[in-house]
$ cat protein_23.cif   # mmCIF, N, CA and C atoms; chains and numbers go by the auth columns
data_final
loop_
_atom_site.group_PDB
_atom_site.id
_atom_site.type_symbol
_atom_site.label_atom_id
_atom_site.label_comp_id
_atom_site.label_asym_id
_atom_site.label_seq_id
_atom_site.Cartn_x
_atom_site.Cartn_y
_atom_site.Cartn_z
_atom_site.B_iso_or_equiv
_atom_site.auth_seq_id
_atom_site.auth_asym_id
ATOM 1 N N MET A 1 -47.032 -29.225 -33.854 0.00 1 A
ATOM 2 C CA MET A 1 -47.148 -29.599 -32.456 0.00 1 A
ATOM 3 C C MET A 1 -45.941 -29.092 -31.680 0.00 1 A
ATOM 4 N N ASP A 2 -46.170 -28.893 -30.452 0.00 2 A
ATOM 5 C CA ASP A 2 -45.129 -28.389 -29.568 0.00 2 A
ATOM 6 C C ASP A 2 -44.166 -29.524 -29.208 0.00 2 A
ATOM 7 N N HIS A 3 -42.857 -29.264 -29.299 0.00 3 A
ATOM 8 C CA HIS A 3 -41.849 -30.283 -28.966 0.00 3 A
ATOM 9 C C HIS A 3 -41.938 -30.700 -27.513 0.00 3 A
ATOM 10 N N LYS A 4 -42.288 -29.773 -26.635 0.00 4 A
ATOM 11 C CA LYS A 4 -42.388 -30.106 -25.213 0.00 4 A
ATOM 12 C C LYS A 4 -43.500 -31.124 -24.996 0.00 4 A
ATOM 13 N N LEU A 5 -44.600 -30.959 -25.688 0.00 5 A
ATOM 14 C CA LEU A 5 -45.714 -31.896 -25.566 0.00 5 A
ATOM 15 C C LEU A 5 -45.293 -33.281 -26.038 0.00 5 A
ATOM 16 N N LEU A 6 -44.599 -33.340 -27.163 0.00 6 A
ATOM 17 C CA LEU A 6 -44.124 -34.631 -27.669 0.00 6 A
ATOM 18 C C LEU A 6 -43.122 -35.265 -26.717 0.00 6 A
ATOM 19 N N ASP A 7 -42.242 -34.456 -26.154 0.00 7 A
ATOM 20 C CA ASP A 7 -41.270 -34.979 -25.191 0.00 7 A
ATOM 21 C C ASP A 7 -41.960 -35.521 -23.946 0.00 7 A
ATOM 22 N N ASP A 8 -42.984 -34.808 -23.479 0.00 8 A
ATOM 23 C CA ASP A 8 -43.728 -35.267 -22.301 0.00 8 A
ATOM 24 C C ASP A 8 -44.431 -36.592 -22.578 0.00 8 A
ATOM 25 N N ILE A 9 -45.041 -36.693 -23.747 0.00 9 A
ATOM 26 C CA ILE A 9 -45.728 -37.942 -24.120 0.00 9 A
ATOM 27 C C ILE A 9 -44.721 -39.082 -24.228 0.00 9 A
ATOM 28 N N ASN A 10 -43.596 -38.813 -24.849 0.00 10 A
ATOM 29 C CA ASN A 10 -42.551 -39.822 -24.995 0.00 10 A
ATOM 30 C C ASN A 10 -42.062 -40.292 -23.631 0.00 10 A
ATOM 31 N N GLU A 11 -41.826 -39.364 -22.721 0.00 11 A
ATOM 32 C CA GLU A 11 -41.347 -39.718 -21.381 0.00 11 A
ATOM 33 C C GLU A 11 -42.374 -40.554 -20.627 0.00 11 A
ATOM 34 N N LYS A 12 -43.652 -40.206 -20.752 0.00 12 A
ATOM 35 C CA LYS A 12 -44.707 -40.972 -20.075 0.00 12 A
ATOM 36 C C LYS A 12 -44.796 -42.389 -20.641 0.00 12 A
ATOM 37 N N ILE A 13 -44.661 -42.509 -21.952 0.00 13 A
ATOM 38 C CA ILE A 13 -44.695 -43.845 -22.569 0.00 13 A
ATOM 39 C C ILE A 13 -43.510 -44.671 -22.096 0.00 13 A
ATOM 40 N N ARG A 14 -42.343 -44.064 -22.034 0.00 14 A
ATOM 41 C CA ARG A 14 -41.157 -44.790 -21.548 0.00 14 A
ATOM 42 C C ARG A 14 -41.334 -45.245 -20.102 0.00 14 A
ATOM 43 N N THR A 15 -41.912 -44.378 -19.282 0.00 15 A
ATOM 44 C CA THR A 15 -42.127 -44.727 -17.876 0.00 15 A
ATOM 45 C C THR A 15 -43.090 -45.902 -17.760 0.00 15 A
ATOM 46 N N VAL A 16 -44.164 -45.861 -18.511 0.00 16 A
ATOM 47 C CA VAL A 16 -45.144 -46.947 -18.477 0.00 16 A
ATOM 48 C C VAL A 16 -44.525 -48.245 -18.988 0.00 16 A
ATOM 49 N N MET A 17 -43.777 -48.167 -20.073 0.00 17 A
ATOM 50 C CA MET A 17 -43.158 -49.363 -20.648 0.00 17 A
ATOM 51 C C MET A 17 -42.116 -49.952 -19.701 0.00 17 A
ATOM 52 N N ALA A 18 -41.381 -49.091 -18.995 0.00 18 A
ATOM 53 C CA ALA A 18 -40.356 -49.579 -18.079 0.00 18 A
ATOM 54 C C ALA A 18 -40.969 -50.327 -16.903 0.00 18 A
ATOM 55 N N GLN A 19 -42.186 -49.964 -16.543 0.00 19 A
ATOM 56 C CA GLN A 19 -42.845 -50.606 -15.401 0.00 19 A
ATOM 57 C C GLN A 19 -43.764 -51.750 -15.817 0.00 19 A
ATOM 58 N N SER A 20 -43.886 -51.987 -17.099 0.00 20 A
ATOM 59 C CA SER A 20 -44.805 -53.018 -17.581 0.00 20 A
ATOM 60 C C SER A 20 -44.069 -54.338 -17.798 0.00 20 A
ATOM 61 N N PRO A 21 -44.805 -55.410 -18.006 0.00 21 A
ATOM 62 C CA PRO A 21 -44.184 -56.699 -18.312 0.00 21 A
ATOM 63 C C PRO A 21 -43.400 -56.680 -19.620 0.00 21 A
ATOM 64 N N ALA A 22 -43.656 -55.700 -20.455 0.00 22 A
ATOM 65 C CA ALA A 22 -42.930 -55.614 -21.726 0.00 22 A
ATOM 66 C C ALA A 22 -41.432 -55.437 -21.479 0.00 22 A
ATOM 67 N N ALA A 23 -41.064 -54.712 -20.427 0.00 23 A
ATOM 68 C CA ALA A 23 -39.648 -54.521 -20.112 0.00 23 A
ATOM 69 C C ALA A 23 -39.001 -55.852 -19.752 0.00 23 A
ATOM 70 N N ASP A 24 -39.712 -56.660 -18.956 0.00 24 A
ATOM 71 C CA ASP A 24 -39.193 -57.988 -18.603 0.00 24 A
ATOM 72 C C ASP A 24 -39.102 -58.878 -19.827 0.00 24 A
ATOM 73 N N LEU A 25 -40.094 -58.780 -20.681 0.00 25 A
ATOM 74 C CA LEU A 25 -40.093 -59.574 -21.905 0.00 25 A
ATOM 75 C C LEU A 25 -38.888 -59.207 -22.768 0.00 25 A
ATOM 76 N N GLU A 26 -38.606 -57.918 -22.876 0.00 26 A
ATOM 77 C CA GLU A 26 -37.460 -57.480 -23.671 0.00 26 A
ATOM 78 C C GLU A 26 -36.154 -58.005 -23.079 0.00 26 A
ATOM 79 N N LYS A 27 -36.009 -57.932 -21.761 0.00 27 A
ATOM 80 C CA LYS A 27 -34.801 -58.436 -21.104 0.00 27 A
ATOM 81 C C LYS A 27 -34.645 -59.938 -21.342 0.00 27 A
ATOM 82 N N ASN A 28 -35.744 -60.665 -21.221 0.00 28 A
ATOM 83 C CA ASN A 28 -35.691 -62.117 -21.434 0.00 28 A
ATOM 84 C C ASN A 28 -35.350 -62.464 -22.878 0.00 28 A
ATOM 85 N N MET A 29 -35.912 -61.725 -23.818 0.00 29 A
ATOM 86 C CA MET A 29 -35.617 -61.978 -25.226 0.00 29 A
ATOM 87 C C MET A 29 -34.148 -61.681 -25.524 0.00 29 A
ATOM 88 N N ARG A 30 -33.628 -60.593 -24.960 0.00 30 A
ATOM 89 C CA ARG A 30 -32.221 -60.265 -25.172 0.00 30 A
ATOM 90 C C ARG A 30 -31.326 -61.366 -24.604 0.00 30 A
ATOM 91 N N ALA A 31 -31.672 -61.881 -23.427 0.00 31 A
ATOM 92 C CA ALA A 31 -30.884 -62.953 -22.817 0.00 31 A
ATOM 93 C C ALA A 31 -30.941 -64.214 -23.670 0.00 31 A
ATOM 94 N N MET A 32 -32.128 -64.550 -24.171 0.00 32 A
ATOM 95 C CA MET A 32 -32.273 -65.745 -25.006 0.00 32 A
ATOM 96 C C MET A 32 -31.488 -65.603 -26.299 0.00 32 A
ATOM 97 N N LEU A 33 -31.610 -64.458 -26.943 0.00 33 A
ATOM 98 C CA LEU A 33 -30.880 -64.239 -28.195 0.00 33 A
ATOM 99 C C LEU A 33 -29.376 -64.207 -27.947 0.00 33 A
ATOM 100 N N GLY A 34 -28.959 -63.622 -26.840 0.00 34 A
ATOM 101 C CA GLY A 34 -27.539 -63.601 -26.497 0.00 34 A
ATOM 102 C C GLY A 34 -26.994 -64.999 -26.307 0.00 34 A
ATOM 103 N N ALA A 35 -27.763 -65.850 -25.632 0.00 35 A
ATOM 104 C CA ALA A 35 -27.339 -67.232 -25.430 0.00 35 A
ATOM 105 C C ALA A 35 -27.300 -67.981 -26.761 0.00 35 A
ATOM 106 N N LEU A 36 -28.295 -67.758 -27.602 0.00 36 A
ATOM 107 C CA LEU A 36 -28.341 -68.417 -28.911 0.00 36 A
ATOM 108 C C LEU A 36 -27.144 -68.011 -29.761 0.00 36 A
ATOM 109 N N PHE A 37 -26.886 -66.708 -29.838 0.00 37 A
ATOM 110 C CA PHE A 37 -25.759 -66.235 -30.643 0.00 37 A
ATOM 111 C C PHE A 37 -24.435 -66.670 -30.043 0.00 37 A
ATOM 112 N N GLY A 38 -24.390 -66.833 -28.730 0.00 38 A
ATOM 113 C CA GLY A 38 -23.170 -67.291 -28.075 0.00 38 A
ATOM 114 C C GLY A 38 -22.798 -68.706 -28.473 0.00 38 A
ATOM 115 N N ARG A 39 -23.801 -69.512 -28.763 0.00 39 A
ATOM 116 C CA ARG A 39 -23.544 -70.898 -29.164 0.00 39 A
ATOM 117 C C ARG A 39 -23.158 -71.027 -30.629 0.00 39 A
ATOM 118 N N LEU A 40 -23.458 -70.025 -31.414 0.00 40 A
ATOM 119 C CA LEU A 40 -23.108 -70.062 -32.832 0.00 40 A
ATOM 120 C C LEU A 40 -21.664 -69.622 -33.011 0.00 40 A
ATOM 121 N N ASP A 41 -21.047 -70.087 -34.058 0.00 41 A
ATOM 122 C CA ASP A 41 -19.673 -69.698 -34.361 0.00 41 A
ATOM 123 C C ASP A 41 -19.677 -68.428 -35.205 0.00 41 A
ATOM 124 N N LEU A 42 -20.022 -67.327 -34.566 0.00 42 A
ATOM 125 C CA LEU A 42 -20.079 -66.047 -35.256 0.00 42 A
ATOM 126 C C LEU A 42 -18.827 -65.246 -34.938 0.00 42 A
ATOM 127 N N VAL A 43 -18.447 -64.402 -35.867 0.00 43 A
ATOM 128 C CA VAL A 43 -17.305 -63.515 -35.652 0.00 43 A
ATOM 129 C C VAL A 43 -17.783 -62.078 -35.794 0.00 43 A
ATOM 130 N N THR A 44 -17.031 -61.181 -35.206 0.00 44 A
ATOM 131 C CA THR A 44 -17.370 -59.768 -35.349 0.00 44 A
ATOM 132 C C THR A 44 -16.963 -59.289 -36.729 0.00 44 A
ATOM 133 N N ARG A 45 -17.485 -58.167 -37.123 0.00 45 A
ATOM 134 C CA ARG A 45 -17.142 -57.584 -38.417 0.00 45 A
ATOM 135 C C ARG A 45 -15.652 -57.276 -38.466 0.00 45 A
ATOM 136 N N GLU A 46 -15.117 -56.809 -37.347 0.00 46 A
ATOM 137 C CA GLU A 46 -13.688 -56.485 -37.285 0.00 46 A
ATOM 138 C C GLU A 46 -12.841 -57.732 -37.514 0.00 46 A
ATOM 139 N N GLU A 47 -13.203 -58.830 -36.866 0.00 47 A
ATOM 140 C CA GLU A 47 -12.458 -60.087 -37.061 0.00 47 A
ATOM 141 C C GLU A 47 -12.560 -60.556 -38.506 0.00 47 A
ATOM 142 N N PHE A 48 -13.738 -60.424 -39.092 0.00 48 A
ATOM 143 C CA PHE A 48 -13.943 -60.819 -40.479 0.00 48 A
ATOM 144 C C PHE A 48 -13.058 -59.998 -41.409 0.00 48 A
ATOM 145 N N ASP A 49 -13.030 -58.678 -41.199 0.00 49 A
ATOM 146 C CA ASP A 49 -12.225 -57.806 -42.049 0.00 49 A
ATOM 147 C C ASP A 49 -10.739 -58.118 -41.930 0.00 49 A
ATOM 148 N N VAL A 50 -10.276 -58.416 -40.715 0.00 50 A
ATOM 149 C CA VAL A 50 -8.867 -58.769 -40.520 0.00 50 A
ATOM 150 C C VAL A 50 -8.541 -60.043 -41.282 0.00 50 A
ATOM 151 N N GLN A 51 -9.390 -61.048 -41.177 0.00 51 A
ATOM 152 C CA GLN A 51 -9.143 -62.310 -41.868 0.00 51 A
ATOM 153 C C GLN A 51 -9.201 -62.137 -43.376 0.00 51 A
ATOM 154 N N ARG A 52 -10.066 -61.249 -43.843 0.00 52 A
ATOM 155 C CA ARG A 52 -10.144 -60.981 -45.279 0.00 52 A
ATOM 156 C C ARG A 52 -8.836 -60.357 -45.772 0.00 52 A
ATOM 157 N N GLN A 53 -8.261 -59.455 -44.984 0.00 53 A
ATOM 158 C CA GLN A 53 -6.981 -58.844 -45.349 0.00 53 A
ATOM 159 C C GLN A 53 -5.863 -59.878 -45.350 0.00 53 A
ATOM 160 N N VAL A 54 -5.865 -60.759 -44.358 0.00 54 A
ATOM 161 C CA VAL A 54 -4.852 -61.816 -44.297 0.00 54 A
ATOM 162 C C VAL A 54 -4.958 -62.706 -45.529 0.00 54 A
ATOM 163 N N LEU A 55 -6.166 -63.067 -45.897 0.00 55 A
ATOM 164 C CA LEU A 55 -6.390 -63.904 -47.071 0.00 55 A
ATOM 165 C C LEU A 55 -5.927 -63.203 -48.343 0.00 55 A
ATOM 166 N N ALA A 56 -6.206 -61.912 -48.466 0.00 56 A
ATOM 167 C CA ALA A 56 -5.780 -61.159 -49.657 0.00 56 A
ATOM 168 C C ALA A 56 -4.253 -61.141 -49.767 0.00 56 A
ATOM 169 N N ARG A 57 -3.567 -60.933 -48.630 0.00 57 A
ATOM 170 C CA ARG A 57 -2.098 -60.945 -48.650 0.00 57 A
ATOM 171 C C ARG A 57 -1.572 -62.332 -49.004 0.00 57 A
ATOM 172 N N ALA A 58 -2.222 -63.369 -48.469 0.00 58 A
ATOM 173 C CA ALA A 58 -1.785 -64.734 -48.773 0.00 58 A
ATOM 174 C C ALA A 58 -1.960 -65.040 -50.258 0.00 58 A
ATOM 175 N N ARG A 59 -3.076 -64.622 -50.833 0.00 59 A
ATOM 176 C CA ARG A 59 -3.300 -64.843 -52.267 0.00 59 A
ATOM 177 C C ARG A 59 -2.251 -64.117 -53.103 0.00 59 A
ATOM 178 N N GLU A 60 -1.932 -62.891 -52.703 0.00 60 A
ATOM 179 C CA GLU A 60 -0.917 -62.124 -53.422 0.00 60 A
ATOM 180 C C GLU A 60 0.438 -62.826 -53.349 0.00 60 A
ATOM 181 N N LYS A 61 0.785 -63.318 -52.188 0.00 61 A
ATOM 182 C CA LYS A 61 2.065 -64.011 -52.011 0.00 61 A
ATOM 183 C C LYS A 61 2.091 -65.297 -52.836 0.00 61 A
ATOM 184 N N ILE A 62 0.986 -66.030 -52.853 0.00 62 A
ATOM 185 C CA ILE A 62 0.912 -67.260 -53.649 0.00 62 A
ATOM 186 C C ILE A 62 1.110 -66.948 -55.121 0.00 62 A
ATOM 187 N N THR A 63 0.489 -65.881 -55.595 0.00 63 A
ATOM 188 C CA THR A 63 0.647 -65.480 -56.994 0.00 63 A
ATOM 189 C C THR A 63 2.105 -65.163 -57.302 0.00 63 A
ATOM 190 N N GLN A 64 2.776 -64.444 -56.394 0.00 64 A
ATOM 191 C CA GLN A 64 4.187 -64.123 -56.583 0.00 64 A
ATOM 192 C C GLN A 64 5.036 -65.397 -56.611 0.00 64 A
ATOM 193 N N LEU A 65 4.768 -66.309 -55.688 0.00 65 A
ATOM 194 C CA LEU A 65 5.543 -67.551 -55.628 0.00 65 A
ATOM 195 C C LEU A 65 5.309 -68.425 -56.858 0.00 65 A
ATOM 196 N N GLU A 66 4.079 -68.459 -57.349 0.00 66 A
ATOM 197 C CA GLU A 66 3.788 -69.220 -58.560 0.00 66 A
ATOM 198 C C GLU A 66 4.555 -68.648 -59.744 0.00 66 A
ATOM 199 N N SER A 67 4.636 -67.343 -59.807 0.00 67 A
ATOM 200 C CA SER A 67 5.362 -66.684 -60.889 0.00 67 A
ATOM 201 C C SER A 67 6.849 -67.021 -60.810 0.00 67 A
ATOM 202 N N LYS A 68 7.421 -66.950 -59.607 0.00 68 A
ATOM 203 C CA LYS A 68 8.835 -67.289 -59.430 0.00 68 A
ATOM 204 C C LYS A 68 9.097 -68.752 -59.773 0.00 68 A
ATOM 205 N N LEU A 69 8.185 -69.629 -59.351 0.00 69 A
ATOM 206 C CA LEU A 69 8.338 -71.057 -59.645 0.00 69 A
ATOM 207 C C LEU A 69 8.298 -71.304 -61.150 0.00 69 A
ATOM 208 N N ALA A 70 7.405 -70.653 -61.840 0.00 70 A
ATOM 209 C CA ALA A 70 7.332 -70.808 -63.301 0.00 70 A
ATOM 210 C C ALA A 70 8.618 -70.313 -63.958 0.00 70 A
ATOM 211 N N GLU A 71 9.164 -69.237 -63.438 0.00 71 A
ATOM 212 C CA GLU A 71 10.413 -68.689 -63.968 0.00 71 A
ATOM 213 C C GLU A 71 11.556 -69.678 -63.739 0.00 71 A
ATOM 214 N N ILE A 72 11.640 -70.250 -62.545 0.00 72 A
ATOM 215 C CA ILE A 72 12.686 -71.218 -62.235 0.00 72 A
ATOM 216 C C ILE A 72 12.543 -72.470 -63.098 0.00 72 A
ATOM 217 N N GLU A 73 11.304 -72.947 -63.265 0.00 73 A
ATOM 218 C CA GLU A 73 11.076 -74.140 -64.095 0.00 73 A
ATOM 219 C C GLU A 73 11.467 -73.886 -65.532 0.00 73 A
ATOM 220 N N SER A 74 11.210 -72.685 -66.045 0.00 74 A
ATOM 221 C CA SER A 74 11.593 -72.402 -67.431 0.00 74 A
ATOM 222 C C SER A 74 13.109 -72.340 -67.574 0.00 74 A
ATOM 223 N N LYS A 75 13.815 -71.857 -66.558 0.00 75 A
ATOM 224 C CA LYS A 75 15.292 -71.828 -66.597 0.00 75 A
ATOM 225 C C LYS A 75 15.881 -73.238 -66.535 0.00 75 A
ATOM 226 N N VAL A 76 15.242 -74.093 -65.723 0.00 76 A
ATOM 227 C CA VAL A 76 15.741 -75.473 -65.586 0.00 76 A
ATOM 228 C C VAL A 76 15.543 -76.236 -66.905 0.00 76 A
ATOM 229 N N LYS A 77 14.462 -76.014 -67.567 0.00 77 A
ATOM 230 C CA LYS A 77 14.192 -76.700 -68.832 0.00 77 A
ATOM 231 C C LYS A 77 15.109 -76.217 -69.944 0.00 77 A
ATOM 232 N N ALA A 78 15.568 -74.969 -69.832 0.00 78 A
ATOM 233 C CA ALA A 78 16.413 -74.400 -70.894 0.00 78 A
ATOM 234 C C ALA A 78 17.835 -74.846 -70.795 0.00 78 A
#
$ encode --input "protein_23.cif" --output "structure tokens"
Amino acid sequence: MDHKLLDDINEKIRTVMAQSPAADLEKNMRAMLGALFGRLDLVTREEFDVQRQVLARAREKITQLESKLAEIESKVKA
């Protein structure tokens, strides 16, 4: 099939859809979903990744401190 024909059909479908109630329905659904997600305690992927890195560093530091504490306790007992 000719690409121009497909492009013309696609453009006509978009024009019809933009003028139909389906466009309003899509806008209303987006607004409803946006409001619903706004009420949920969701975070972005970027925020999640940052917090995951913070947690990994905290775990590493805790492991280091536990090791130092065990070393100090063994010296005190000796």
$ axis_aligned_box --input "protein_23.cif" --around "segment 55-60 of chain A" --padding-each-side "4 Å" --output "JSON"
{"center_x": -3.0, "center_y": -63.0, "center_z": -49.7, "size_x": 14.8, "size_y": 12.1, "size_z": 15.5}
$ atom_distance --input "protein_23.cif" --atom1 "atom C of Gly34 of chain A" --atom2 "atom C of Met17 of chain A"
22.3 Å
$ atom_distance --input "protein_23.cif" --atom1 "atom N of Lys77 of chain A" --atom2 "atom C of Leu65 of chain A"
16.0 Å
